[in-house]
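Next comes entry17.cif, a file with mmCIF, C-alpha atoms.
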```cif
data_run
loop_
_atom_site.label_atom_id
_atom_site.label_comp_id
_atom_site.auth_asym_id
_atom_site.auth_seq_id
_atom_site.Cartn_x
_atom_site.Cartn_y
_atom_site.Cartn_z
CA ALA K 1 8.86 45.77 -8.10
CA GLY K 2 9.16 45.20 -11.85
CA GLU K 3 9.69 41.43 -11.55
CA ASN K 4 7.77 38.59 -13.17
CA ALA K 5 7.85 34.88 -13.97
CA ILE K 6 6.91 33.52 -17.39
CA VAL K 7 6.02 30.06 -18.69
CA CYS K 8 7.05 29.48 -22.29
CA ALA K 9 5.25 27.23 -24.80
CA GLN K 10 7.54 27.03 -27.83
CA GLY K 11 4.93 26.06 -30.40
CA ALA K 12 6.20 26.70 -33.94
CA ASN K 13 9.48 28.05 -32.55
CA ALA K 14 10.52 24.48 -31.73
CA HIS K 15 10.55 23.72 -35.46
CA ALA K 16 12.43 26.83 -36.62
CA ARG K 17 15.50 26.20 -38.77
CA ALA K 18 18.38 28.47 -39.73
CA ASP K 19 17.95 27.72 -43.42
CA ILE K 20 14.57 29.49 -43.56
CA LEU K 21 16.29 32.87 -43.26
CA ASP K 22 16.33 34.90 -46.46
CA TRP K 23 19.80 36.39 -46.40
CA ALA K 24 19.06 38.39 -49.57
CA GLU K 25 16.85 40.61 -47.39
CA MET K 26 19.74 41.32 -45.00
CA PRO K 27 22.67 43.17 -46.58
CA PRO K 28 26.07 43.40 -44.85
CA GLY K 29 25.88 45.74 -41.88
CA SER K 30 22.37 44.61 -40.97
CA LEU K 31 21.56 43.33 -37.48
CA LEU K 32 20.26 39.87 -36.55
CA VAL K 33 18.60 39.51 -33.15
CA VAL K 34 18.30 35.98 -31.75
CA GLN K 35 16.84 34.44 -28.61
CA MET K 36 16.58 30.95 -27.21
CA GLU K 37 12.95 29.95 -27.74
CA CYS K 38 14.13 28.28 -30.96
CA PRO K 39 16.40 25.18 -31.05
CA PRO K 40 19.84 26.36 -29.86
CA ARG K 41 21.77 24.59 -32.62
CA GLU K 42 19.69 26.38 -35.24
CA VAL K 43 20.20 29.70 -33.47
CA TYR K 44 23.97 29.21 -33.36
CA SER K 45 24.01 28.16 -37.02
CA ALA K 46 22.13 31.33 -37.99
CA MET K 47 24.59 33.42 -35.98
CA ARG K 48 27.56 31.89 -37.80
CA ASP K 49 25.89 32.37 -41.19
CA ALA K 50 25.08 35.99 -40.37
CA THR K 51 28.61 36.82 -39.26
CA ALA K 52 30.05 35.23 -42.39
CA ARG K 53 27.88 37.63 -44.40
CA GLY K 54 28.97 40.72 -42.48
CA ILE K 55 25.75 40.90 -40.47
CA ARG K 56 26.05 41.87 -36.82
CA VAL K 57 24.42 39.76 -34.10
CA VAL K 58 22.68 40.56 -30.81
CA MET K 59 21.96 37.47 -28.70
CA ASN K 60 19.33 37.53 -25.99
CA ILE K 61 20.24 34.42 -23.98
CA ALA K 62 16.68 33.84 -22.78
CA PRO K 63 15.39 31.40 -21.83
CA PHE K 64 18.82 30.01 -20.97
CA PRO K 65 19.47 26.78 -22.93
CA LYS K 66 20.69 24.57 -20.08
CA SER K 67 21.13 21.45 -22.21
CA GLU K 68 23.05 23.21 -24.98
CA PRO K 69 24.63 26.50 -23.82
CA PRO K 70 26.58 28.56 -26.35
CA SER K 71 30.33 28.09 -26.64
CA ARG K 72 32.78 30.96 -26.44
CA GLU K 73 33.14 30.74 -30.23
CA VAL K 74 29.43 31.48 -30.56
CA CYS K 75 29.42 34.20 -27.90
CA ALA K 76 32.36 35.94 -29.55
CA LEU K 77 30.24 36.48 -32.67
CA CYS K 78 28.04 38.91 -30.75
CA GLU K 79 27.93 42.67 -30.95
CA ALA K 80 26.05 42.37 -27.67
CA ILE K 81 24.85 39.63 -25.35
CA VAL K 82 21.70 40.59 -23.43
CA THR K 83 20.89 38.65 -20.28
CA ASN K 84 19.37 39.01 -16.85
CA GLU K 85 21.45 38.29 -13.73
CA ILE K 86 20.48 34.64 -13.41
CA GLU K 87 21.05 33.90 -17.09
CA ALA K 88 24.39 35.71 -16.91
CA MET K 89 25.56 33.48 -14.07
CA SER K 90 24.36 30.39 -15.92
CA LEU K 91 26.31 31.44 -19.01
CA LEU K 92 29.40 32.13 -16.93
CA ALA K 93 29.14 28.66 -15.40
CA SER K 94 28.97 27.10 -18.86
CA LEU K 95 32.10 28.83 -20.19
CA ASP K 96 35.62 27.67 -19.47
CA LEU K 97 37.44 30.33 -17.41
CA HIS K 98 40.22 30.31 -19.98
CA GLY K 99 37.82 31.17 -22.77
CA ALA K 100 37.59 27.76 -24.47
CA PRO K 101 34.20 26.23 -25.28
CA MET K 102 32.97 23.47 -23.03
CA SER K 103 33.33 20.10 -24.71
CA PRO K 104 31.13 18.17 -24.70
CA PRO K 105 28.16 20.50 -23.93
CA ARG K 106 26.75 19.85 -20.50
CA GLN K 107 23.63 20.69 -18.59
CA VAL K 108 24.16 23.78 -16.46
CA GLU K 109 22.37 24.24 -13.16
CA VAL K 110 22.67 27.50 -11.26
CA GLU K 111 20.71 28.04 -8.08
CA GLU K 112 18.88 31.33 -8.13
CA PRO K 113 20.07 33.53 -5.28
CA PRO K 114 17.59 35.55 -3.24
CA ARG K 115 16.78 38.61 -5.30
CA GLN K 116 17.09 40.97 -2.35
CA HIS K 117 20.76 40.05 -2.03
CA ASN K 118 21.63 40.99 -5.62
CA SER K 119 23.68 44.16 -5.20
CA ASP K 120 24.82 46.56 -7.89
CA GLN K 121 28.38 45.55 -7.04
CA SER K 122 27.73 41.87 -7.77
CA ALA K 123 25.88 42.68 -11.00
CA SER K 124 28.79 44.82 -12.13
CA HIS K 125 31.19 41.96 -11.41
CA VAL K 126 29.02 39.51 -13.34
CA ALA K 127 28.84 41.83 -16.36
CA ARG K 128 32.61 42.36 -16.39
CA SER K 129 33.36 38.66 -15.89
CA LEU K 130 30.97 37.62 -18.64
CA LEU K 131 32.49 40.13 -21.05
CA LYS K 132 35.91 38.56 -20.49
CA ALA K 133 34.73 34.96 -20.58
CA SER K 134 32.47 35.30 -23.63
CA GLY K 135 34.63 37.27 -26.04
CA ALA K 136 31.61 39.36 -27.06
CA ARG K 137 32.03 43.04 -27.86
CA SER K 138 29.62 44.01 -25.09
CA VAL K 139 27.42 42.48 -22.40
CA VAL K 140 24.16 43.96 -21.16
CA VAL K 141 22.86 42.60 -17.84
CA THR K 142 19.30 43.74 -17.23
CA LEU K 143 18.28 44.35 -13.62
CA GLY K 144 14.54 44.99 -13.77
CA ALA K 145 13.59 48.09 -11.81
CA ARG K 146 17.31 48.77 -11.19
CA GLY K 147 18.05 49.39 -14.86
CA ALA K 148 21.00 47.58 -16.44
CA HIS K 149 24.77 47.21 -16.28
CA VAL K 150 26.66 47.35 -19.56
CA ALA K 151 30.20 46.03 -19.93
CA VAL K 152 32.08 47.18 -23.03
CA ARG K 153 35.56 46.42 -24.28
CA GLY K 154 37.97 48.78 -26.00
CA ASN K 155 38.68 48.78 -29.71
CA THR K 156 42.35 47.81 -29.37
CA VAL K 157 44.32 45.18 -27.47
CA GLY K 158 45.16 46.46 -24.01
CA ASP K 159 42.14 48.74 -23.73
CA CYS K 160 40.19 48.43 -20.49
CA ALA K 161 36.84 46.74 -20.07
CA GLN K 162 34.42 49.33 -18.67
CA VAL K 163 31.16 48.77 -16.83
CA TRP K 164 28.43 51.39 -16.85
CA GLU K 165 25.18 51.66 -14.92
CA VAL K 166 22.24 52.47 -17.16
CA PRO K 167 19.37 53.81 -15.05
CA THR K 168 15.70 53.31 -15.79
CA LEU K 169 12.68 55.56 -15.52
CA ASP K 170 10.61 55.75 -12.35
CA VAL K 171 7.21 54.70 -13.64
CA PRO K 172 3.96 53.36 -12.16
CA ALA K 173 4.42 49.71 -13.15
CA VAL K 174 1.24 47.74 -13.81
CA ASP K 175 2.53 44.78 -15.87
CA SER K 176 6.18 43.91 -16.55
CA THR K 177 5.32 41.25 -19.15
CA GLY K 178 7.14 42.13 -22.34
CA ALA K 179 9.48 44.64 -20.71
CA GLY K 180 12.53 42.54 -21.56
CA ASP K 181 11.40 42.22 -25.17
CA ALA K 182 10.91 45.98 -25.33
CA PHE K 183 14.41 46.49 -23.94
CA VAL K 184 16.04 44.14 -26.45
CA GLY K 185 14.05 45.52 -29.37
CA ALA K 186 14.88 49.13 -28.63
CA LEU K 187 18.54 48.25 -27.95
CA ALA K 188 18.70 46.53 -31.34
CA VAL K 189 17.07 49.51 -33.07
CA GLY K 190 19.73 51.78 -31.58
CA ILE K 191 22.63 49.53 -32.59
CA ALA K 192 21.20 49.08 -36.10
CA ALA K 193 20.95 52.87 -36.41
CA GLY K 194 24.65 53.21 -35.62
CA TRP K 195 24.40 54.17 -31.95
CA GLY K 196 27.00 52.91 -29.51
CA VAL K 197 25.82 50.15 -27.19
CA LEU K 198 25.61 52.51 -24.20
CA ASP K 199 23.26 54.92 -25.96
CA ALA K 200 21.32 51.98 -27.37
CA ALA K 201 21.00 50.53 -23.85
CA LYS K 202 19.55 53.83 -22.65
CA MET K 203 16.85 53.53 -25.30
CA GLY K 204 16.29 49.93 -24.23
CA ALA K 205 15.91 50.92 -20.59
CA VAL K 206 13.34 53.59 -21.46
CA ALA K 207 11.37 51.23 -23.70
CA GLY K 208 11.36 48.55 -21.01
CA ALA K 209 10.13 51.01 -18.40
CA LEU K 210 7.34 52.35 -20.62
CA ALA K 211 6.22 48.80 -21.41
CA CYS K 212 5.63 48.24 -17.68
CA THR K 213 3.01 50.99 -17.59
CA ARG K 214 0.57 49.04 -19.77
CA ILE K 215 -1.14 45.66 -19.73
CA GLY K 216 0.02 42.98 -22.14
CA ALA K 217 3.19 41.87 -23.89
CA GLN K 218 2.58 43.12 -27.43
CA SER K 219 -0.08 45.69 -26.59
CA GLY K 220 2.21 47.21 -23.98
CA LEU K 221 5.10 47.91 -26.35
CA PRO K 222 5.77 51.64 -26.73
CA GLU K 223 6.10 53.48 -30.03
CA GLY K 224 9.55 54.64 -31.08
CA SER K 225 8.48 58.28 -30.82
CA GLU K 226 7.46 57.73 -27.20
CA VAL K 227 10.82 56.19 -26.37
CA LEU K 228 12.79 59.03 -27.98
CA ALA K 229 10.67 61.64 -26.21
CA ALA K 230 11.17 59.97 -22.82
CA LEU K 231 14.96 59.67 -23.20
CA ALA K 232 15.36 63.21 -21.90
CA ARG K 233 13.91 62.07 -18.54
CA LEU K 234 16.60 59.45 -18.01
CA SER K 235 19.34 60.14 -15.47
CA PRO K 236 22.95 60.18 -16.71
CA LEU K 237 25.00 57.02 -17.03
CA ARG K 238 27.36 56.19 -14.19
CA GLN K 239 30.69 54.44 -14.72
CA LEU K 240 31.23 51.61 -12.25
CA GLY K 241 34.89 51.01 -12.97
CA SER K 242 37.24 49.54 -15.54
CA ASP K 243 39.53 46.56 -15.71
CA SER K 244 42.31 45.37 -18.02
CA ASN K 245 41.32 42.84 -20.66
#
```
Taking this structure as input, can you express it in the form of C-alpha coordinates?
Amino acid sequence: AGENAIVCAQGANAHARADILDWAEMPPGSLLVVQMECPPREVYSAMRDATARGIRVVMNIAPFPKSEPPSREVCALCEAIVTNEIEAMSLLASLDLHGAPMSPPRQVEVEEPPRQHNSDQSASHVARSLLKASGARSVVVTLGARGAHVAVRGNTVGDCAQVWEVPTLDVPAVDSTGAGDAFVGALAVGIAAGWGVLDAAKMGAVAGALACTRIGAQSGLPEGSEVLAALARLSPLRQLGSDSN
(Lines of atoms letter the chains of each structure in order from A and count residues from 1; the text may use other names and numbers.)
(Lines give C-alpha, C1' and ligand atoms only; values in the text may rest on other atoms or scores of the structure.)
Protein backbone atom coordinates (compact mmCIF):
# COMPACT_ATOMS: atom_id res chain seq x y z
CA ALA A 1 0.00 0.00 0.00
CA GLY A 2 2.97 2.32 -0.54
CA GLU A 3 4.13 2.17 3.09
CA ASN A 4 7.52 1.23 4.50
CA ALA A 5 9.71 1.36 7.60
CA ILE A 6 13.36 2.39 7.47
CA VAL A 7 16.29 2.02 9.87
CA CYS A 8 18.80 4.85 9.63
CA ALA A 9 22.56 4.56 10.29
CA GLN A 10 23.87 8.13 10.30
CA GLY A 11 27.50 7.36 9.52
CA ALA A 12 29.32 10.47 8.28
CA ASN A 13 26.12 12.51 8.58
CA ALA A 14 26.55 12.51 12.36
CA HIS A 15 29.72 14.57 11.91
CA ALA A 16 28.36 17.09 9.39
CA ARG A 17 28.82 20.75 10.31
CA ALA A 18 27.19 23.89 8.93
CA ASP A 19 30.54 25.55 8.33
CA ILE A 20 31.49 23.06 5.60
CA LEU A 21 28.97 24.65 3.23
CA ASP A 22 30.52 26.72 0.45
CA TRP A 23 28.18 29.67 0.28
CA ALA A 24 30.08 31.08 -2.72
CA GLU A 25 28.49 28.28 -4.76
CA MET A 26 24.98 29.35 -3.72
CA PRO A 27 23.99 32.84 -4.89
CA PRO A 28 20.96 34.66 -3.45
CA GLY A 29 17.76 33.07 -4.71
CA SER A 30 19.22 29.56 -4.56
CA LEU A 31 17.50 26.79 -2.62
CA LEU A 32 18.91 24.84 0.33
CA VAL A 33 17.25 21.51 1.14
CA VAL A 34 17.86 20.10 4.63
CA GLN A 35 16.82 16.96 6.49
CA MET A 36 17.40 15.58 9.94
CA GLU A 37 19.96 12.81 9.49
CA CYS A 38 22.59 15.43 10.38
CA PRO A 39 22.93 17.00 13.87
CA PRO A 40 19.88 19.26 14.31
CA ARG A 41 21.84 22.21 15.68
CA GLU A 42 24.05 22.19 12.60
CA VAL A 43 21.01 21.95 10.34
CA TYR A 44 19.35 24.92 12.05
CA SER A 45 22.59 26.92 11.88
CA ALA A 46 22.84 26.27 8.14
CA MET A 47 19.22 27.36 7.69
CA ARG A 48 19.87 30.66 9.48
CA ASP A 49 23.04 31.27 7.47
CA ALA A 50 21.23 30.53 4.21
CA THR A 51 18.34 32.86 4.97
CA ALA A 52 20.74 35.65 5.91
CA ARG A 53 22.27 35.27 2.44
CA GLY A 54 18.94 35.40 0.62
CA ILE A 55 18.85 31.65 0.01
CA ARG A 56 15.49 29.92 0.36
CA VAL A 57 15.11 26.83 2.54
CA VAL A 58 13.07 23.62 2.26
CA MET A 59 13.14 21.51 5.43
CA ASN A 60 12.29 17.83 5.34
CA ILE A 61 11.68 17.10 9.03
CA ALA A 62 12.71 13.45 8.75
CA PRO A 63 13.65 11.61 10.80
CA PHE A 64 11.97 13.76 13.43
CA PRO A 65 14.57 15.07 15.93
CA LYS A 66 12.77 14.21 19.18
CA SER A 67 15.55 15.45 21.46
CA GLU A 68 15.99 18.78 19.67
CA PRO A 69 12.92 19.75 17.60
CA PRO A 70 13.03 23.00 15.63
CA SER A 71 11.68 26.18 17.19
CA ARG A 72 9.12 28.38 15.49
CA GLU A 73 11.93 30.79 14.65
CA VAL A 74 13.63 28.03 12.67
CA CYS A 75 10.41 26.80 11.05
CA ALA A 76 9.52 30.32 9.96
CA LEU A 77 12.67 30.42 7.82
CA CYS A 78 11.20 27.79 5.51
CA GLU A 79 9.77 28.21 2.06
CA ALA A 80 8.28 24.78 2.70
CA ILE A 81 8.27 22.19 5.47
CA VAL A 82 7.88 18.64 4.16
CA THR A 83 6.70 15.98 6.59
CA ASN A 84 4.64 12.84 6.83
CA GLU A 85 1.58 12.68 9.10
CA ILE A 86 3.39 11.32 12.14
CA GLU A 87 6.25 13.80 11.86
CA ALA A 88 3.74 16.62 11.40
CA MET A 89 1.98 15.72 14.64
CA SER A 90 5.31 15.47 16.44
CA LEU A 91 6.30 18.92 15.21
CA LEU A 92 2.94 20.34 16.24
CA ALA A 93 3.40 18.89 19.72
CA SER A 94 6.80 20.55 20.01
CA LEU A 95 5.59 24.04 19.08
CA ASP A 96 3.86 26.38 21.50
CA LEU A 97 0.27 26.98 20.34
CA HIS A 98 0.92 30.71 20.49
CA GLY A 99 3.82 30.43 18.08
CA ALA A 100 6.72 30.84 20.53
CA PRO A 101 9.61 28.37 20.54
CA MET A 102 9.68 25.79 23.29
CA SER A 103 12.26 26.68 25.91
CA PRO A 104 14.14 24.68 26.92
CA PRO A 105 13.95 22.07 24.09
CA ARG A 106 12.28 18.90 25.26
CA GLN A 107 11.92 15.35 24.06
CA VAL A 108 8.70 14.91 22.12
CA GLU A 109 6.83 11.62 22.13
CA VAL A 110 3.81 11.14 19.90
CA GLU A 111 2.08 7.79 19.75
CA GLU A 112 1.56 6.67 16.19
CA PRO A 113 -2.15 6.26 15.48
CA PRO A 114 -3.42 3.29 13.49
CA ARG A 115 -2.79 4.12 9.85
CA GLN A 116 -6.21 2.95 8.75
CA HIS A 117 -7.80 5.67 10.87
CA ASN A 118 -5.88 8.52 9.22
CA SER A 119 -8.56 10.29 7.19
CA ASP A 120 -8.09 13.00 4.60
CA GLN A 121 -9.98 15.32 6.93
CA SER A 122 -7.52 14.81 9.78
CA ALA A 123 -4.53 15.21 7.46
CA SER A 124 -5.97 18.46 6.16
CA HIS A 125 -6.42 19.71 9.72
CA VAL A 126 -2.85 18.77 10.61
CA ALA A 127 -1.46 20.58 7.56
CA ARG A 128 -3.46 23.74 8.32
CA SER A 129 -2.58 23.67 12.02
CA LEU A 130 1.11 23.17 11.33
CA LEU A 131 1.14 26.05 8.85
CA LYS A 132 -0.24 28.36 11.54
CA ALA A 133 1.97 27.06 14.35
CA SER A 134 5.22 26.98 12.37
CA GLY A 135 5.18 30.32 10.58
CA ALA A 136 6.48 28.66 7.41
CA ARG A 137 5.29 29.85 4.01
CA SER A 138 3.90 26.41 3.20
CA VAL A 139 3.55 22.93 4.67
CA VAL A 140 3.50 19.71 2.65
CA VAL A 141 2.18 16.63 4.45
CA THR A 142 2.91 13.49 2.45
CA LEU A 143 0.37 10.68 2.68
CA GLY A 144 1.97 7.78 0.83
CA ALA A 145 -0.42 6.22 -1.65
CA ARG A 146 -2.96 8.97 -0.85
CA GLY A 147 -0.78 11.73 -2.29
CA ALA A 148 -0.18 14.84 -0.18
CA HIS A 149 -1.93 17.78 1.44
CA VAL A 150 -0.38 21.21 0.93
CA ALA A 151 -1.21 24.17 3.16
CA VAL A 152 -0.22 27.59 1.81
CA ARG A 153 -0.60 31.06 3.24
CA GLY A 154 -1.45 34.25 1.40
CA ASN A 155 1.05 36.94 0.50
CA THR A 156 -0.53 39.64 2.67
CA VAL A 157 -1.77 39.89 6.25
CA GLY A 158 -5.38 38.75 6.44
CA ASP A 159 -5.15 36.36 3.50
CA CYS A 160 -6.56 32.90 4.13
CA ALA A 161 -4.56 29.74 4.67
CA GLN A 162 -5.61 27.25 1.99
CA VAL A 163 -5.22 23.49 1.97
CA TRP A 164 -5.06 21.54 -1.27
CA GLU A 165 -5.10 17.83 -1.99
CA VAL A 166 -2.34 16.78 -4.36
CA PRO A 167 -3.18 13.38 -5.86
CA THR A 168 -0.66 10.75 -6.84
CA LEU A 169 -0.41 8.37 -9.77
CA ASP A 170 -1.93 4.90 -9.65
CA VAL A 171 1.13 2.75 -10.22
CA PRO A 172 2.12 -0.89 -9.63
CA ALA A 173 4.25 -0.34 -6.52
CA VAL A 174 7.12 -2.77 -6.01
CA ASP A 175 9.37 -0.86 -3.57
CA SER A 176 8.54 2.42 -1.80
CA THR A 177 12.10 2.90 -0.50
CA GLY A 178 13.28 6.30 -1.65
CA ALA A 179 9.84 7.54 -2.64
CA GLY A 180 9.95 10.29 -0.02
CA ASP A 181 13.39 11.38 -1.21
CA ALA A 182 12.11 11.48 -4.78
CA PHE A 183 9.15 13.60 -3.66
CA VAL A 184 11.33 16.11 -1.79
CA GLY A 185 13.90 16.29 -4.56
CA ALA A 186 11.37 16.93 -7.29
CA LEU A 187 9.50 19.43 -5.11
CA ALA A 188 12.77 21.31 -4.55
CA VAL A 189 13.56 21.28 -8.27
CA GLY A 190 10.17 22.84 -8.97
CA ILE A 191 10.54 25.54 -6.32
CA ALA A 192 14.10 26.32 -7.45
CA ALA A 193 12.81 26.69 -11.02
CA GLY A 194 10.30 29.31 -9.87
CA TRP A 195 7.20 27.12 -9.69
CA GLY A 196 4.65 27.72 -6.96
CA VAL A 197 4.62 25.15 -4.18
CA LEU A 198 1.41 23.53 -5.44
CA ASP A 199 2.82 22.87 -8.91
CA ALA A 200 6.11 21.77 -7.35
CA ALA A 201 4.20 19.36 -5.08
CA LYS A 202 2.54 17.85 -8.14
CA MET A 203 5.97 17.11 -9.57
CA GLY A 204 6.99 15.67 -6.21
CA ALA A 205 3.96 13.40 -6.11
CA VAL A 206 4.68 12.07 -9.60
CA ALA A 207 8.35 11.49 -8.82
CA GLY A 208 7.47 9.67 -5.61
CA ALA A 209 4.99 7.44 -7.41
CA LEU A 210 7.42 6.56 -10.20
CA ALA A 211 10.11 5.72 -7.64
CA CYS A 212 7.78 3.07 -6.19
CA THR A 213 7.75 1.17 -9.48
CA ARG A 214 11.43 0.21 -9.21
CA ILE A 215 13.69 -1.58 -6.73
CA GLY A 216 16.15 0.46 -4.69
CA ALA A 217 16.46 3.92 -3.20
CA GLN A 218 18.92 5.57 -5.59
CA SER A 219 18.42 3.19 -8.51
CA GLY A 220 14.67 3.73 -8.32
CA LEU A 221 14.81 7.52 -8.72
CA PRO A 222 13.15 8.68 -11.95
CA GLU A 223 14.72 11.01 -14.50
CA GLY A 224 13.38 14.55 -14.72
CA SER A 225 12.10 13.91 -18.24
CA GLU A 226 10.06 10.97 -16.98
CA VAL A 227 8.49 13.08 -14.25
CA LEU A 228 7.56 15.90 -16.63
CA ALA A 229 6.07 13.44 -19.12
CA ALA A 230 3.97 11.75 -16.43
CA LEU A 231 2.59 15.03 -15.03
CA ALA A 232 -0.14 14.99 -17.67
CA ARG A 233 -1.52 11.79 -16.10
CA LEU A 234 -2.06 13.40 -12.71
CA SER A 235 -5.60 14.27 -11.66
CA PRO A 236 -6.39 17.93 -10.89
CA LEU A 237 -5.74 19.45 -7.48
CA ARG A 238 -8.68 19.67 -5.10
CA GLN A 239 -9.08 22.51 -2.61
CA LEU A 240 -10.00 21.24 0.85
CA GLY A 241 -10.92 24.58 2.38
CA SER A 242 -9.43 27.79 3.67
CA ASP A 243 -9.10 29.45 7.04
CA SER A 244 -8.13 32.91 8.31
CA ASN A 245 -4.54 33.33 9.44
If I take CA of Ala80 in chain K and CA of Val197 in chain K, how far is one from the other in Å, to one decimal?
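Separation between CA of Ala80 in chain K and CA of Val197 in chain K: 7.8 Å.
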Which polymer residues have any atom within 8 Å of an atom of range 161-177 of chain K, counting only C-alpha atoms, with same-chain residues fewer than 3 positions away left out, as a ChimeraX atom specification?
/K:1-4,124,127-128,131,145-154,180,198,201-202,205-206,209-217,233-245
Export, as a JSON list (two decimals), in the coordinates of the input, the selected residues with C-alpha atoms.
```
[["chain", "number", "residue", "atom", "x", "y", "z"],
["K", 1, "ALA", "CA", 8.86, 45.77, -8.10],
["K", 2, "GLY", "CA", 9.16, 45.20, -11.85],
["K", 3, "GLU", "CA", 9.69, 41.43, -11.55],
["K", 4, "ASN", "CA", 7.77, 38.59, -13.17],
["K", 124, "SER", "CA", 28.79, 44.82, -12.13],
["K", 127, "ALA", "CA", 28.84, 41.83, -16.36],
["K", 128, "ARG", "CA", 32.61, 42.36, -16.39],
["K", 131, "LEU", "CA", 32.49, 40.13, -21.05],
["K", 145, "ALA", "CA", 13.59, 48.09, -11.81],
["K", 146, "ARG", "CA", 17.31, 48.77, -11.19],
["K", 147, "GLY", "CA", 18.05, 49.39, -14.86],
["K", 148, "ALA", "CA", 21.00, 47.58, -16.44],
["K", 149, "HIS", "CA", 24.77, 47.21, -16.28],
["K", 150, "VAL", "CA", 26.66, 47.35, -19.56],
["K", 151, "ALA", "CA", 30.20, 46.03, -19.93],
["K", 152, "VAL", "CA", 32.08, 47.18, -23.03],
["K", 153, "ARG", "CA", 35.56, 46.42, -24.28],
["K", 154, "GLY", "CA", 37.97, 48.78, -26.00],
["K", 180, "GLY", "CA", 12.53, 42.54, -21.56],
["K", 198, "LEU", "CA", 25.61, 52.51, -24.20],
["K", 201, "ALA", "CA", 21.00, 50.53, -23.85],
["K", 202, "LYS", "CA", 19.55, 53.83, -22.65],
["K", 205, "ALA", "CA", 15.91, 50.92, -20.59],
["K", 206, "VAL", "CA", 13.34, 53.59, -21.46],
["K", 209, "ALA", "CA", 10.13, 51.01, -18.40],
["K", 210, "LEU", "CA", 7.34, 52.35, -20.62],
["K", 211, "ALA", "CA", 6.22, 48.80, -21.41],
["K", 212, "CYS", "CA", 5.63, 48.24, -17.68],
["K", 213, "THR", "CA", 3.01, 50.99, -17.59],
["K", 214, "ARG", "CA", 0.57, 49.04, -19.77],
["K", 215, "ILE", "CA", -1.14, 45.66, -19.73],
["K", 216, "GLY", "CA", 0.02, 42.98, -22.14],
["K", 217, "ALA", "CA", 3.19, 41.87, -23.89],
["K", 233, "ARG", "CA", 13.91, 62.07, -18.54],
["K", 234, "LEU", "CA", 16.60, 59.45, -18.01],
["K", 235, "SER", "CA", 19.34, 60.14, -15.47],
["K", 236, "PRO", "CA", 22.95, 60.18, -16.71],
["K", 237, "LEU", "CA", 25.00, 57.02, -17.03],
["K", 238, "ARG", "CA", 27.36, 56.19, -14.19],
["K", 239, "GLN", "CA", 30.69, 54.44, -14.72],
["K", 240, "LEU", "CA", 31.23, 51.61, -12.25],
["K", 241, "GLY", "CA", 34.89, 51.01, -12.97],
["K", 242, "SER", "CA", 37.24, 49.54, -15.54],
["K", 243, "ASP", "CA", 39.53, 46.56, -15.71],
["K", 244, "SER", "CA", 42.31, 45.37, -18.02],
["K", 245, "ASN", "CA", 41.32, 42.84, -20.66]]
```
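Shortest atom-to-atom contact with His15 in chain K among K:Ala182, K:Val43, K:Val34, K:Ala200: K:Val43, counting all atoms listed in the file.
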Run the PyMOL selection byres ((chain K and resi 21) around 12) on the file and write out the hits as a list of chain:residue names.
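Answer for the PyMOL selection byres ((chain K and resi 21) around 12): K:Ala16, K:Arg17, K:Ala18, K:Asp19, K:Ile20, K:Asp22, K:Trp23, K:Ala24, K:Glu25, K:Met26, K:Leu32, K:Glu42, K:Val43, K:Ser45, K:Ala46, K:Met47, K:Asp49, K:Ala50.
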Using all atoms listed in the file for the distances, tell me which of K:Gln35, K:Ser219, K:Ser94, K:Asn84 is nearest to Arg72 in chain K.
K:Ser94
Once you add 4 Å to each side, what are the centre and edge lengths of the axis-aligned box holding all listed atoms of range 225-232 of chain K? One decimal in Å, as AutoDock Vina command-line options, if you can.
```
--center_x 11.4 --center_y 59.7 --center_z -26.4 --size_x 15.9 --size_y 15.0 --size_z 16.9
```
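Distances here use all atoms listed in the file; by that measure, the residue among K:Gly196, K:Gly204, K:Gly178, K:Gly220 closest to Val82 in chain K is K:Gly204.
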Ser129 in chain K: which residues within 10 Å, counting all atoms listed in the file, same-chain residues fewer than 5 positions away excluded, as a ChimeraX atom specification?
/K:88-89,92,97,123-124,134,139,151,161
Identify, on the basis of only C-alpha atoms, every residue whose closest approach to range 59-64 of chain K does not exceed 8 Å; exclude the query and any residue fewer than 3 positions from it along the same chain; express the result as a PyMOL selection string.
chain K and resi 33-37+69+78+80-83+87+90-91+184
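Rounded to one decimal, CA of Ala207 in chain K and CA of Ala232 in chain K lie 12.8 Å from each other.
Between CA of Gly135 in chain K and CA of Ala188 in chain K the separation is 19.2 Å.
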